[in-house]
Each structure stands twice: as structure tokens, then as C-alpha cells.
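Shown here: structure-v4.cif, mmCIF, C-alpha atoms.
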data_model
#
loop_
_atom_site.label_atom_id
_atom_site.label_comp_id
_atom_site.auth_asym_id
_atom_site.auth_seq_id
_atom_site.Cartn_x
_atom_site.Cartn_y
_atom_site.Cartn_z
CA MET A 197 106.21 -16.12 90.07
CA ALA A 198 109.25 -14.35 88.59
CA THR A 199 110.03 -14.50 84.92
CA VAL A 200 113.36 -14.78 83.15
CA THR A 201 114.23 -13.59 79.66
CA SER A 202 116.32 -16.35 78.15
CA ILE A 203 118.39 -15.78 74.99
CA ASP A 204 119.87 -18.88 73.49
CA GLY A 205 122.98 -19.27 71.41
CA ASP A 206 120.83 -19.77 68.33
CA GLY A 207 119.36 -16.27 68.83
CA SER A 208 115.95 -17.39 70.01
CA VAL A 209 114.45 -15.35 72.84
CA THR A 210 111.93 -16.74 75.29
CA VAL A 211 110.31 -15.26 78.37
CA ARG A 212 109.38 -17.97 80.82
CA GLN A 213 108.46 -18.50 84.42
CA MET A 214 111.32 -19.43 86.71
CA THR A 215 111.11 -22.92 88.10
CA ALA A 216 110.67 -23.23 91.85
CA ALA A 217 114.33 -24.20 92.18
CA GLU A 218 115.44 -21.26 90.04
CA GLU A 219 113.29 -18.86 92.01
CA ALA A 220 114.71 -20.11 95.31
CA ALA A 221 118.27 -19.74 94.02
CA HIS A 222 117.42 -16.30 92.65
CA ALA A 223 116.05 -15.11 95.99
CA ALA A 224 119.04 -16.51 97.85
CA SER A 225 121.46 -14.81 95.46
CA GLN A 226 119.63 -11.50 95.80
CA ALA A 227 119.73 -11.69 99.59
CA SER A 228 123.41 -12.57 99.59
CA ILE A 229 124.30 -9.78 97.17
CA THR A 230 122.34 -7.22 99.17
CA ALA A 231 124.06 -8.33 102.38
CA SER A 232 127.51 -8.19 100.78
CA MET A 233 126.79 -4.72 99.42
CA THR A 234 125.72 -3.29 102.75
CA VAL A 235 128.26 -0.74 103.93
CA PHE A 236 128.59 0.24 107.58
CA THR A 237 131.89 2.13 107.56
CA GLU A 238 133.50 3.95 104.67
CA ASN A 239 136.79 5.76 104.25
CA LEU A 240 136.30 8.71 101.95
CA ALA A 241 138.98 10.74 100.23
CA VAL A 242 138.45 14.50 100.51
CA ARG A 243 139.73 16.51 97.55
CA GLY A 244 139.02 20.06 96.41
CA ARG A 245 140.68 22.88 94.49
CA VAL A 246 139.45 26.42 93.95
CA ARG A 247 140.74 29.92 93.11
CA THR A 248 139.73 33.12 94.90
CA THR A 249 140.28 36.65 93.61
CA ASP A 250 138.52 38.60 96.36
CA ALA A 251 137.57 38.37 100.03
CA THR A 252 134.29 36.54 99.39
CA PRO A 253 133.86 33.09 100.99
CA THR A 254 134.16 30.54 98.18
CA GLU A 255 133.14 26.89 98.31
CA ALA A 256 136.08 24.50 98.08
CA TYR A 257 134.44 21.20 98.99
CA ARG A 258 130.94 19.83 99.44
CA LEU A 259 129.84 16.40 100.62
CA ALA A 260 126.27 15.12 100.49
CA LEU A 261 125.70 13.29 103.79
CA GLN A 262 123.83 10.01 103.96
CA PRO A 263 120.88 9.64 106.35
CA LEU A 264 121.52 8.30 109.85
CA THR A 265 125.27 8.54 109.40
CA GLY A 266 128.08 10.12 111.40
CA TYR A 267 131.26 11.49 109.82
CA THR A 268 134.62 12.55 111.15
CA GLY A 269 137.90 13.39 109.53
CA THR A 270 140.80 15.74 109.10
CA VAL A 271 141.30 18.20 106.30
CA THR A 272 144.41 20.13 105.27
CA VAL A 273 143.88 23.37 103.37
CA ILE A 274 146.71 25.14 101.58
CA GLY A 275 146.29 28.55 99.95
CA VAL A 276 149.01 30.07 97.76
CA ASP A 277 149.04 33.62 96.34
CA THR A 278 149.86 33.15 92.66
CA ALA A 279 151.78 36.47 92.51
CA ASN A 280 153.83 36.82 95.68
CA GLY A 281 153.78 33.20 96.93
CA ALA A 282 152.26 33.96 100.32
CA VAL A 283 150.96 30.80 101.95
CA ARG A 284 148.21 29.96 104.39
CA VAL A 285 147.90 26.45 105.86
CA ILE A 286 145.22 25.11 108.17
CA ARG A 287 144.76 21.53 109.30
CA ALA A 288 141.54 20.83 111.15
CA SER A 289 139.51 17.99 112.58
CA PHE A 290 135.74 18.01 112.21
CA ALA A 291 132.62 15.97 112.89
CA VAL A 292 129.23 16.18 111.18
CA LYS A 293 126.16 14.01 111.06
CA ARG A 294 122.84 13.62 109.39
CA LEU A 295 119.76 12.07 110.97
CA ASN A 296 116.69 11.76 108.78
CA ALA A 297 116.57 15.49 108.11
CA ALA A 298 119.27 18.04 107.41
CA ALA A 299 123.00 17.84 108.13
CA LEU A 300 124.21 18.94 111.55
CA ALA A 301 127.62 19.96 112.84
CA VAL A 302 128.89 18.05 115.87
CA GLY A 303 130.61 20.89 117.67
CA GLY A 304 132.92 23.18 115.77
CA PRO A 305 136.06 22.30 113.82
CA VAL A 306 139.20 21.82 115.92
CA VAL A 307 142.25 23.47 114.41
CA LEU A 308 145.23 21.13 114.64
CA ALA A 309 147.72 23.39 112.87
CA SER A 310 147.71 26.93 111.52
CA HIS A 311 150.49 28.60 109.57
CA ALA A 312 150.49 31.86 107.67
CA ASP A 313 152.88 34.24 105.97
CA ALA A 314 152.47 37.85 107.04
CA ALA A 315 150.50 38.63 103.87
CA ALA A 316 148.10 35.76 104.45
CA THR A 317 147.08 36.03 108.09
CA ALA A 318 143.61 37.32 107.18
CA TRP A 319 142.80 34.43 104.84
CA GLN A 320 140.14 32.18 106.34
CA VAL A 321 138.85 28.64 106.14
CA ALA A 322 135.39 27.74 107.45
CA ALA A 323 133.26 24.60 107.67
CA SER A 324 129.48 24.61 107.75
CA VAL A 325 126.43 22.51 107.01
CA THR A 326 123.66 23.42 104.62
CA ALA A 327 120.64 21.30 103.70
CA ASN A 328 122.00 17.72 103.56
CA ASP A 329 125.57 18.76 102.82
CA ALA A 330 128.78 19.57 104.66
CA VAL A 331 130.62 22.47 103.03
CA VAL A 332 134.14 23.91 103.37
CA THR A 333 134.67 27.50 102.21
CA VAL A 334 137.84 29.52 101.86
CA THR A 335 138.29 33.29 101.87
CA GLY A 336 141.24 35.02 100.28
CA ALA A 337 141.92 38.74 99.93
CA ALA A 338 140.60 41.50 97.73
CA GLY A 339 142.77 42.06 94.69
CA ARG A 340 144.79 38.88 95.27
CA THR A 341 144.59 35.67 93.25
CA VAL A 342 144.88 32.73 95.64
CA ASP A 343 144.81 29.06 94.63
CA TRP A 344 143.52 26.71 97.30
CA SER A 345 143.97 22.98 97.68
CA LEU A 346 141.96 20.91 100.11
CA SER A 347 142.78 17.29 100.92
CA GLY A 348 142.11 14.85 103.68
CA GLU A 349 140.33 11.73 104.77
CA MET A 350 136.98 11.10 106.33
CA THR A 351 135.40 8.09 107.96
CA SER A 352 131.67 7.50 108.02
CA PHE A 353 129.60 5.15 110.12
CA THR A 354 126.03 4.10 109.37
CA PRO A 355 124.87 1.85 112.25
CA SER A 356 122.06 0.26 110.24
CA GLY A 357 124.19 -0.02 107.10
CA ARG A 358 123.32 1.23 103.66
CA THR A 359 123.67 0.05 100.07
CA PRO A 360 125.81 2.39 97.96
CA MET B 108 134.51 -29.48 36.20
CA MET B 109 133.07 -26.23 37.60
CA ASP B 110 133.09 -23.22 35.32
CA ALA B 111 135.77 -20.62 36.17
CA THR B 112 133.21 -17.83 36.27
CA VAL B 113 131.13 -19.74 38.79
CA LEU B 114 134.24 -20.31 40.91
CA GLN B 115 135.05 -16.61 40.83
CA LEU B 116 131.50 -15.81 41.81
CA LEU B 117 131.63 -18.27 44.72
CA GLU B 118 134.91 -16.74 45.90
CA ARG B 119 133.39 -13.27 45.81
CA ILE B 120 130.37 -14.49 47.79
CA ASP B 121 132.73 -16.10 50.31
CA ARG B 122 134.67 -12.86 50.68
CA LEU B 123 131.46 -10.92 51.16
CA GLU B 124 130.27 -13.37 53.81
CA ARG B 125 133.58 -13.08 55.65
CA LEU B 126 133.33 -9.29 55.52
CA LEU B 127 129.79 -9.40 56.89
CA ASP B 128 130.94 -11.75 59.67
CA ARG B 129 133.63 -9.29 60.67
CA THR B 130 131.38 -6.26 60.58
CA GLY B 131 128.31 -7.79 62.13
CA GLY B 132 126.18 -7.78 59.01
CA SER B 133 124.49 -4.42 58.89
CA GLU B 134 126.51 -3.07 61.82
CA ALA B 135 129.10 -0.37 61.24
CA PRO B 136 132.45 -1.64 59.91
CA GLY B 137 135.00 -2.39 62.60
CA LYS B 138 132.52 -3.38 65.28
CA ALA B 139 132.41 -6.87 66.62
CA PRO B 140 129.24 -8.71 65.65
CA THR B 141 126.22 -8.29 67.87
CA TRP B 142 125.67 -11.87 68.58
CA LEU B 143 122.78 -11.91 71.00
CA SER B 144 120.55 -9.21 72.36
CA GLY B 145 117.25 -8.82 74.07
CA SER B 146 114.96 -6.56 75.99
CA ALA B 147 114.33 -7.69 79.54
CA GLY B 148 111.52 -5.44 80.74
CA GLY B 149 109.52 -7.06 83.52
CA SER B 150 111.91 -9.98 83.98
CA ALA B 151 113.69 -10.77 87.23
CA ALA B 152 116.67 -12.03 85.24
CA ILE B 153 118.13 -12.21 81.77
CA ASP B 154 120.03 -15.31 80.69
CA PHE B 155 122.36 -15.96 77.81
CA THR B 156 122.42 -19.71 77.32
CA ASN B 157 124.51 -22.06 75.18
CA ILE B 158 126.95 -19.30 74.28
CA SER B 159 128.99 -19.99 71.16
CA GLN B 160 132.63 -20.85 71.75
CA ALA B 161 133.67 -19.32 68.41
CA TYR B 162 134.91 -15.97 69.70
CA ARG B 163 138.02 -14.82 71.55
CA SER B 164 136.28 -12.64 74.14
CA LEU B 165 132.80 -11.49 75.07
CA GLU B 166 131.46 -8.06 75.86
CA LEU B 167 128.12 -7.20 77.42
CA VAL B 168 126.63 -3.78 76.73
CA ILE B 169 123.88 -3.02 79.20
CA SER B 170 121.31 -0.25 79.37
CA ASN B 171 119.03 -0.98 82.27
CA ALA B 172 116.78 0.41 84.97
CA ASN B 173 114.68 -1.01 87.77
CA SER B 174 110.96 -1.01 88.29
CA GLY B 175 111.41 -0.44 92.04
CA GLY B 176 114.38 1.37 93.54
CA ALA B 177 117.98 2.03 92.61
CA VAL B 178 119.69 -1.37 92.84
CA SER B 179 122.68 -3.28 91.55
CA THR B 180 122.89 -5.77 88.68
CA SER B 181 124.95 -8.89 89.26
CA LEU B 182 126.31 -11.66 87.07
CA GLN B 183 126.67 -15.42 87.41
CA PHE B 184 128.28 -17.83 84.94
CA SER B 185 127.40 -21.26 83.62
CA SER B 186 129.87 -23.91 82.55
CA ASP B 187 127.33 -26.09 80.77
CA GLY B 188 125.27 -23.45 79.01
CA THR B 189 122.10 -23.60 81.08
CA ALA B 190 122.76 -24.22 84.81
CA PHE B 191 124.22 -21.20 86.57
CA ASP B 192 126.76 -21.33 89.39
CA THR B 193 125.05 -19.87 92.47
CA GLY B 194 127.78 -21.02 94.85
CA SER B 195 130.21 -18.81 96.74
CA ASN B 196 132.66 -18.78 93.85
CA TYR B 197 132.94 -15.13 92.88
CA ASP B 198 135.35 -12.38 93.98
CA TYR B 199 135.33 -8.73 93.01
CA GLN B 200 136.84 -5.34 93.79
CA TYR B 201 135.12 -2.05 93.05
CA LEU B 202 136.10 1.61 92.93
CA TYR B 203 133.49 4.33 92.74
CA GLY B 204 133.01 8.07 92.47
CA ASN B 205 129.93 9.88 93.77
CA ALA B 206 129.98 13.68 93.60
CA ALA B 207 133.40 14.57 95.05
CA THR B 208 133.50 11.38 97.10
CA THR B 209 135.48 8.32 96.12
CA GLY B 210 135.34 4.91 97.70
CA ALA B 211 136.29 1.30 97.20
CA GLY B 212 135.39 -2.14 98.47
CA GLU B 213 135.88 -5.84 97.92
CA SER B 214 133.93 -9.06 98.13
CA PHE B 215 135.40 -12.54 98.38
CA ALA B 216 133.53 -15.82 97.99
CA GLY B 217 130.33 -14.08 96.99
CA VAL B 218 127.51 -15.62 94.98
CA ALA B 219 127.83 -13.23 92.02
CA ILE B 220 129.84 -10.34 90.60
CA LEU B 221 128.55 -6.79 90.65
CA VAL B 222 128.56 -5.51 87.04
CA ALA B 223 126.00 -2.70 86.79
CA ASN B 224 123.55 -0.48 88.61
CA GLN B 225 119.91 0.17 87.87
CA THR B 226 118.25 3.52 88.44
CA ASN B 227 114.54 4.08 88.79
CA ALA B 228 114.69 7.77 87.82
CA SER B 229 112.33 8.87 85.06
CA ASN B 230 113.68 8.68 81.52
CA VAL B 231 117.09 7.46 82.69
CA MET B 232 118.83 4.17 81.95
CA SER B 233 122.02 3.05 83.67
CA PRO B 234 124.83 2.13 81.26
CA ALA B 235 127.41 -0.62 81.66
CA ARG B 236 130.09 -2.44 79.69
CA VAL B 237 131.41 -5.80 80.85
CA LEU B 238 134.43 -7.40 79.21
CA ILE B 239 134.94 -11.15 79.61
CA PRO B 240 138.33 -11.90 78.02
CA ASP B 241 139.32 -15.37 76.83
CA TYR B 242 136.02 -16.78 78.06
CA ARG B 243 136.54 -20.21 76.48
CA ASN B 244 139.91 -20.83 78.13
CA THR B 245 139.84 -23.90 80.35
CA SER B 246 143.06 -23.43 82.31
CA HIS B 247 142.37 -20.39 84.48
CA TYR B 248 139.65 -18.70 86.50
CA LYS B 249 137.53 -16.35 84.43
CA PRO B 250 138.06 -12.61 84.94
CA ILE B 251 135.74 -9.74 84.09
CA LEU B 252 136.24 -5.99 83.87
CA ALA B 253 133.18 -3.74 84.19
CA LEU B 254 132.56 -0.03 83.94
CA TYR B 255 129.15 1.35 84.78
CA GLY B 256 127.25 4.43 85.90
CA ARG B 257 123.99 5.51 87.49
CA LYS B 258 122.00 8.72 87.66
CA ASP B 259 119.25 9.06 90.24
CA GLY B 260 118.51 12.77 89.95
CA THR B 261 119.80 16.19 88.98
CA SER B 262 121.11 17.39 92.34
CA THR B 263 124.51 16.73 93.85
CA GLY B 264 125.15 13.18 95.06
CA ASN B 265 122.93 11.57 92.45
CA LEU B 266 125.59 10.53 89.93
CA PHE B 267 127.77 7.45 90.31
CA VAL B 268 130.54 5.89 88.25
CA VAL B 269 131.96 2.51 89.21
CA GLN B 270 134.77 0.29 87.96
CA VAL B 271 134.86 -3.38 88.88
CA THR B 272 137.14 -6.31 88.32
CA GLY B 273 135.81 -9.74 89.20
CA PHE B 274 136.77 -13.39 89.06
CA TRP B 275 134.83 -16.63 88.76
CA ARG B 276 136.58 -19.43 90.64
CA ASN B 277 136.14 -21.92 87.84
CA THR B 278 138.46 -22.98 85.04
CA ALA B 279 135.61 -24.09 82.78
CA ALA B 280 134.70 -22.17 79.65
CA VAL B 281 131.91 -19.65 80.05
CA LYS B 282 128.86 -21.02 78.26
CA GLY B 283 126.11 -19.07 79.97
CA ILE B 284 125.59 -15.69 81.63
CA HIS B 285 122.88 -14.88 84.17
CA LEU B 286 122.15 -11.21 84.97
CA PHE B 287 119.82 -10.17 87.77
CA PRO B 288 118.95 -7.12 89.86
CA SER B 289 119.44 -7.26 93.62
CA SER B 290 115.71 -6.67 93.96
CA GLY B 291 112.70 -6.10 91.74
CA THR B 292 112.71 -6.55 87.99
CA PHE B 293 114.31 -4.97 84.96
CA ALA B 294 112.29 -1.92 83.93
CA SER B 295 110.69 -1.68 80.52
CA ALA B 296 113.19 -0.85 77.74
CA SER B 297 116.10 -2.38 79.63
CA ARG B 298 118.38 -3.93 77.08
CA VAL B 299 121.42 -6.19 77.09
CA ASP B 300 123.58 -6.91 74.04
CA LEU B 301 126.24 -9.60 73.97
CA TYR B 302 129.07 -8.98 71.54
CA GLY B 303 131.41 -11.71 70.42
CA ILE B 304 134.89 -10.32 69.86
CA PRO B 305 136.84 -12.27 67.20
#
Re-express the file's structure as C-alpha cells.
Amino acid sequence: MATVTSIDGDGSVTVRQMTAAEEAAHAASQASITASMTVFTENLAVRGRVRTTDATPTEAYRLALQPLTGYTGTVTVIGVDTANGAVRVIRASFAVKRLNAAALAVGGPVVLASHADAAATAWQVAASVTANDAVVTVTGAAGRTVDWSLSGEMTSFTPSGRTP
Amino acid sequence: MMDATVLQLLERIDRLERLLDRTGGSEAPGKAPTWLSGSAGGSAAIDFTNISQAYRSLELVISNANSGGAVSTSLQFSSDGTAFDTGSNYDYQYLYGNAATTGAGESFAGVAILVANQTNASNVMSPARVLIPDYRNTSHYKPILALYGRKDGTSTGNLFVVQVTGFWRNTAAVKGIHLFPSSGTFASASRVDLYGIP
């Protein structure tokens, strides 16, 4: 039988067994709370900001995927050269999932929009999965300082539900 | 007639007592008095009963963990000091951050308000603060504001921070507080302090 630590207004502390009625109410409350906390679909904000100073792929965003969950969303990436103001913009749709093991890509990203100044055509954005995570990397240019902003929204669906 | 020296002495004692009341006795000056506190290790719930109506607001300071898995801690109120309202009379909204992910949710007509999390990671306790303003007011539903966190490990995705506002659909004064994990029991060294704010 479950116990309850009871602290009274006079400061006295007792540890006692729950009554049968208390235990039934306790179990019902626990079940109700667990049910109300179960999440099937979530809308997640995607935000990231990073600076590159060379042509090495640099992580801009990472999301740890939940088991048995599918994800889809759109992300807009904007890169700005801090010296000459050259801009690169990519908006893409993507889908990833995780079963009980590692994260998996569901096809490749679909580019919805791509804009670039002449000085920024070689800058790249890539999405990948590694271990249990989905990762977005950006690649600037050697000798150029580029600030990148990543924003978007993602929706997840866990058919069996999960408790955050 | 009482001697003037004795009267002065009594006044000084009275001032000292008032000062101790304000500072919580041996607590640091400026803090509200720690009114009630207890360790709840092994218990499925921790109750504060027959809460004094002498304060303006209440604040719970929680450091807790779970003996099983990572679960939530919820709160129910009592209007008579001992019997807790387990009906569908609680509403709350939460906002959380987990790694770079943010999320939010709501619950209406639930049986409790979410106010903390419990980890079961080694050597880690989950912290929470719960403010219950104007708890003795009898003309409006009782609100709470909670801020809590949880750490389940040292890799990405294992840290959470959550903010909650909740409401008890009852105009009665709060005279009891019932805290319970969504499963299992409070782990050893879990602790809850109730502060009365003058």
C-alpha cells in the first residue's frame, strides 16, 4: 500500500499508509495526468544561428528525434557576408523519422526557393541524420565571415503517443 | 505598576520576536519564513495540511526525483485542510524548452496541475518553484505560477526547462496542498519546502 508524507500546519510530520479511498483517488489522478500529458502531435519551432569563416560545413541546427516518431517541416536559411553584404537564401522542405534505432531521412530535402548574390552562389546548406539526431549544416567561403540564421517550423507525429 | 525597565525589556523582546518572524528565525535576513518542510523519500505523495491563513502568498520550493522513471509532479488543493479536490477542476498552460526545441500545451478540466518534473538520473534532483499568490482569497479562482527543470543525462536532449501557469476552479482559500508523481514514488532525499510570504 502506498504511503503519504503528511506535514501539518503545526509542523508535525507523519508518514502513513494511504487509506483505500485515498489510494483509489491517487491511482485515478495518476492515470488521468498521464493521459493528459500524452502528446501525439507537436509543433516545434526551429531556430539556429551560426558564423562561418571558411568553407568547412558547420552545424547550424540539431534536433534529437524521439523514438517511433515522424517529422516534417520547412526551414529558411539566410546567410549574410558581414563585409560585403552578399546574401544566400534557401527555403527547403524535409522529412525525417526515427524508429527504435537511429534517425533516418525520408527522401532528400526539397528546395522550395533558392536565391543568391553572385558572391554567394557557392555557399551551401545541407541536411543529414546522425545517430538519433537530424542536423542542418551550412558552408560559407574561405576567407569570408558569413553569419547564418535558420528558422522554421516542424510538426511531429508519434502514433502511440509519448510523455514529454 | 510594571517597572519601566521591565517594560523596555519586554518591548525589546517583542521587537526581536518580530524580527525573527520576518527573517524566518535562523534563516538569512530578507527571506520569507520557512514554514513547513519535509523529506518525502519513498512516499507516493506529500501533503501539506491545515495550512495557516496568516500569510499573503505561498511558495513551494521543490527538489525531487523519482525512484522509477522520469515523470511529472502534480498538485491538488484542499479547501478544508485535509480533503483534496480530485475532481476535474484544474486548468494549466505550459511552455517548455528541450535542447533547441521549444513547445507548448494546455490542459482544461484536468484533475491536477503540473508543477514539476522528477528525474531518475544518478545524483540529480529536479528543481521547481511554485508561487501561489493570495491563496486565502475567497472571491476568485486560485492561480499558480511554476518554473521547473529536469536533467536526465549529459547528452543533447536530456535537459528540460518548463514554465506553467495553472488555475484551480474554486474560490475557497487554499488550506491544503497535495503533491504526487505521475507514477512511482518520490526518491530518497526528495524535499519540499513551503514558504509563507508575508
> Which residues of chain A are close to chain B, meaning at most 8 Å apart when you count all atoms listed in the file, and how do they look as a PyMOL selection string?
Replying inline: chain A and resi 198-205+207+209+211+221+225-230+232+238-244+257-260
> Could you write out as a ChimeraX atom specification the residues that the PyMOL selection byres ((chain A and resi 263-280) around 7) matches in the shown file?
Replying inline: /A:261-262,281-296,340-354
> Which residue out of A:Gly339, A:Thr254, A:Ala297, A:Gly303 has the minimum interatomic distance to Ala322 (chain A) when all atoms listed in the file are used?
Replying inline: A:Thr254
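If you measure from each of A:Val246, A:Met197, A:Arg358, A:Asp206 to Ala223 (chain A) using only C-alpha atoms, the closest one turns out to be A:Met197.
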> Given the choices A:Ala337, A:Val332, A:Ala309, A:Ala220, which gets closest to Arg245 (chain A) if the distance is worked out from all atoms listed in the file?
Replying inline: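 Looking only at the distances to Arg245 (chain A), the closest residue turns out to be A:Val332.
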>> Taking (138.9, -7.2, 87.7) in the coordinates of the supplied file, I want to know which residues reach to within 9 Å of it, counting all atoms listed in the file; could you give the answer as JSON, numbers by chain?
In response: {"B": [198, 199, 200, 201, 250, 251, 252, 253, 270, 271, 272, 273, 274]}
Using the file's own x, y and z axes, what box holds all listed atoms of region 224-242 of chain A with 8 Å on each side, keeping edges along x, y and z, and what are its centre and edge lengths in Å to one decimal, as JSON?
{"center_x": 129.0, "center_y": -1.0, "center_z": 101.5, "size_x": 35.9, "size_y": 47.0, "size_z": 28.1}
Could you rebuild region 206-231 of chain B with N, CA, C and O atoms and give me the result as a PDB file, keeping the file's coordinate frame?
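Below is the file out.pdb, written as the result:
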ATOM      1  N   ALA B 206     129.678  12.271  93.370  1.00  0.00           N
ATOM      2  CA  ALA B 206     129.980  13.680  93.600  1.00  0.00           C
ATOM      3  C   ALA B 206     131.500  13.811  93.777  1.00  0.00           C
ATOM      4  O   ALA B 206     132.256  13.292  92.970  1.00  0.00           O
ATOM      5  N   ALA B 207     131.963  14.445  94.838  1.00  0.00           N
ATOM      6  CA  ALA B 207     133.400  14.570  95.050  1.00  0.00           C
ATOM      7  C   ALA B 207     133.947  13.445  95.920  1.00  0.00           C
ATOM      8  O   ALA B 207     135.102  13.454  96.322  1.00  0.00           O
ATOM      9  N   THR B 208     133.109  12.468  96.221  1.00  0.00           N
ATOM     10  CA  THR B 208     133.500  11.380  97.100  1.00  0.00           C
ATOM     11  C   THR B 208     133.949  10.167  96.305  1.00  0.00           C
ATOM     12  O   THR B 208     133.315   9.801  95.315  1.00  0.00           O
ATOM     13  N   THR B 209     135.054   9.575  96.725  1.00  0.00           N
ATOM     14  CA  THR B 209     135.480   8.320  96.120  1.00  0.00           C
ATOM     15  C   THR B 209     135.485   7.239  97.175  1.00  0.00           C
ATOM     16  O   THR B 209     135.605   7.520  98.367  1.00  0.00           O
ATOM     17  N   GLY B 210     135.345   6.015  96.754  1.00  0.00           N
ATOM     18  CA  GLY B 210     135.340   4.910  97.700  1.00  0.00           C
ATOM     19  C   GLY B 210     135.701   3.620  96.995  1.00  0.00           C
ATOM     20  O   GLY B 210     135.792   3.563  95.771  1.00  0.00           O
ATOM     21  N   ALA B 211     135.921   2.587  97.761  1.00  0.00           N
ATOM     22  CA  ALA B 211     136.290   1.300  97.200  1.00  0.00           C
ATOM     23  C   ALA B 211     135.859   0.204  98.153  1.00  0.00           C
ATOM     24  O   ALA B 211     135.613   0.444  99.335  1.00  0.00           O
ATOM     25  N   GLY B 212     135.759  -1.006  97.626  1.00  0.00           N
ATOM     26  CA  GLY B 212     135.390  -2.140  98.470  1.00  0.00           C
ATOM     27  C   GLY B 212     135.721  -3.438  97.771  1.00  0.00           C
ATOM     28  O   GLY B 212     136.119  -3.445  96.601  1.00  0.00           O
ATOM     29  N   GLU B 213     135.567  -4.527  98.475  1.00  0.00           N
ATOM     30  CA  GLU B 213     135.880  -5.840  97.920  1.00  0.00           C
ATOM     31  C   GLU B 213     134.899  -6.865  98.447  1.00  0.00           C
ATOM     32  O   GLU B 213     134.252  -6.655  99.481  1.00  0.00           O
ATOM     33  N   SER B 214     134.780  -7.953  97.704  1.00  0.00           N
ATOM     34  CA  SER B 214     133.930  -9.060  98.130  1.00  0.00           C
ATOM     35  C   SER B 214     134.600 -10.350  97.723  1.00  0.00           C
ATOM     36  O   SER B 214     134.934 -10.536  96.548  1.00  0.00           O
ATOM     37  N   PHE B 215     134.813 -11.237  98.680  1.00  0.00           N
ATOM     38  CA  PHE B 215     135.400 -12.540  98.380  1.00  0.00           C
ATOM     39  C   PHE B 215     134.360 -13.632  98.658  1.00  0.00           C
ATOM     40  O   PHE B 215     133.567 -13.535  99.599  1.00  0.00           O
ATOM     41  N   ALA B 216     134.421 -14.666  97.829  1.00  0.00           N
ATOM     42  CA  ALA B 216     133.530 -15.820  97.990  1.00  0.00           C
ATOM     43  C   ALA B 216     132.069 -15.399  98.014  1.00  0.00           C
ATOM     44  O   ALA B 216     131.276 -15.901  98.798  1.00  0.00           O
ATOM     45  N   GLY B 217     131.719 -14.460  97.138  1.00  0.00           N
ATOM     46  CA  GLY B 217     130.330 -14.080  96.990  1.00  0.00           C
ATOM     47  C   GLY B 217     129.613 -14.973  96.010  1.00  0.00           C
ATOM     48  O   GLY B 217     130.227 -15.823  95.353  1.00  0.00           O
ATOM     49  N   VAL B 218     128.306 -14.764  95.861  1.00  0.00           N
ATOM     50  CA  VAL B 218     127.510 -15.620  94.980  1.00  0.00           C
ATOM     51  C   VAL B 218     127.345 -15.030  93.581  1.00  0.00           C
ATOM     52  O   VAL B 218     126.676 -15.628  92.740  1.00  0.00           O
ATOM     53  N   ALA B 219     127.943 -13.871  93.337  1.00  0.00           N
ATOM     54  CA  ALA B 219     127.830 -13.230  92.020  1.00  0.00           C
ATOM     55  C   ALA B 219     128.837 -12.083  91.966  1.00  0.00           C
ATOM     56  O   ALA B 219     129.461 -11.743  92.972  1.00  0.00           O
ATOM     57  N   ILE B 220     128.970 -11.505  90.780  1.00  0.00           N
ATOM     58  CA  ILE B 220     129.840 -10.340  90.600  1.00  0.00           C
ATOM     59  C   ILE B 220     128.982  -9.137  90.248  1.00  0.00           C
ATOM     60  O   ILE B 220     128.124  -9.209  89.368  1.00  0.00           O
ATOM     61  N   LEU B 221     129.256  -8.037  90.926  1.00  0.00           N
ATOM     62  CA  LEU B 221     128.550  -6.790  90.650  1.00  0.00           C
ATOM     63  C   LEU B 221     129.044  -6.226  89.313  1.00  0.00           C
ATOM     64  O   LEU B 221     130.239  -6.008  89.135  1.00  0.00           O
ATOM     65  N   VAL B 222     128.127  -5.997  88.354  1.00  0.00           N
ATOM     66  CA  VAL B 222     128.560  -5.510  87.040  1.00  0.00           C
ATOM     67  C   VAL B 222     127.822  -4.277  86.551  1.00  0.00           C
ATOM     68  O   VAL B 222     128.188  -3.691  85.526  1.00  0.00           O
ATOM     69  N   ALA B 223     126.751  -3.875  87.241  1.00  0.00           N
ATOM     70  CA  ALA B 223     126.000  -2.700  86.790  1.00  0.00           C
ATOM     71  C   ALA B 223     125.107  -2.213  87.913  1.00  0.00           C
ATOM     72  O   ALA B 223     124.960  -2.879  88.942  1.00  0.00           O
ATOM     73  N   ASN B 224     124.572  -1.027  87.717  1.00  0.00           N
ATOM     74  CA  ASN B 224     123.550  -0.480  88.610  1.00  0.00           C
ATOM     75  C   ASN B 224     122.286  -0.265  87.810  1.00  0.00           C
ATOM     76  O   ASN B 224     122.307  -0.215  86.587  1.00  0.00           O
ATOM     77  N   GLN B 225     121.175  -0.146  88.517  1.00  0.00           N
ATOM     78  CA  GLN B 225     119.910   0.170  87.870  1.00  0.00           C
ATOM     79  C   GLN B 225     119.283   1.357  88.597  1.00  0.00           C
ATOM     80  O   GLN B 225     119.125   1.330  89.811  1.00  0.00           O
ATOM     81  N   THR B 226     118.951   2.388  87.856  1.00  0.00           N
ATOM     82  CA  THR B 226     118.250   3.520  88.440  1.00  0.00           C
ATOM     83  C   THR B 226     116.748   3.306  88.295  1.00  0.00           C
ATOM     84  O   THR B 226     116.302   2.453  87.526  1.00  0.00           O
ATOM     85  N   ASN B 227     115.988   4.061  89.053  1.00  0.00           N
ATOM     86  CA  ASN B 227     114.540   4.080  88.790  1.00  0.00           C
ATOM     87  C   ASN B 227     114.081   5.514  88.534  1.00  0.00           C
ATOM     88  O   ASN B 227     112.907   5.835  88.651  1.00  0.00           O
ATOM     89  N   ALA B 228     115.039   6.395  88.171  1.00  0.00           N
ATOM     90  CA  ALA B 228     114.690   7.770  87.820  1.00  0.00           C
ATOM     91  C   ALA B 228     113.970   7.795  86.475  1.00  0.00           C
ATOM     92  O   ALA B 228     114.214   6.952  85.608  1.00  0.00           O
ATOM     93  N   SER B 229     113.102   8.783  86.306  1.00  0.00           N
ATOM     94  CA  SER B 229     112.330   8.870  85.060  1.00  0.00           C
ATOM     95  C   SER B 229     113.239   9.147  83.872  1.00  0.00           C
ATOM     96  O   SER B 229     114.155   9.971  83.947  1.00  0.00           O
ATOM     97  N   ASN B 230     112.992   8.453  82.802  1.00  0.00           N
ATOM     98  CA  ASN B 230     113.680   8.680  81.520  1.00  0.00           C
ATOM     99  C   ASN B 230     115.188   8.473  81.607  1.00  0.00           C
ATOM    100  O   ASN B 230     115.933   9.054  80.814  1.00  0.00           O
ATOM    101  N   VAL B 231     115.643   7.695  82.551  1.00  0.00           N
ATOM    102  CA  VAL B 231     117.090   7.460  82.690  1.00  0.00           C
ATOM    103  C   VAL B 231     117.355   5.954  82.678  1.00  0.00           C
ATOM    104  O   VAL B 231     116.649   5.195  83.335  1.00  0.00           O
TER     105      VAL B 231
END
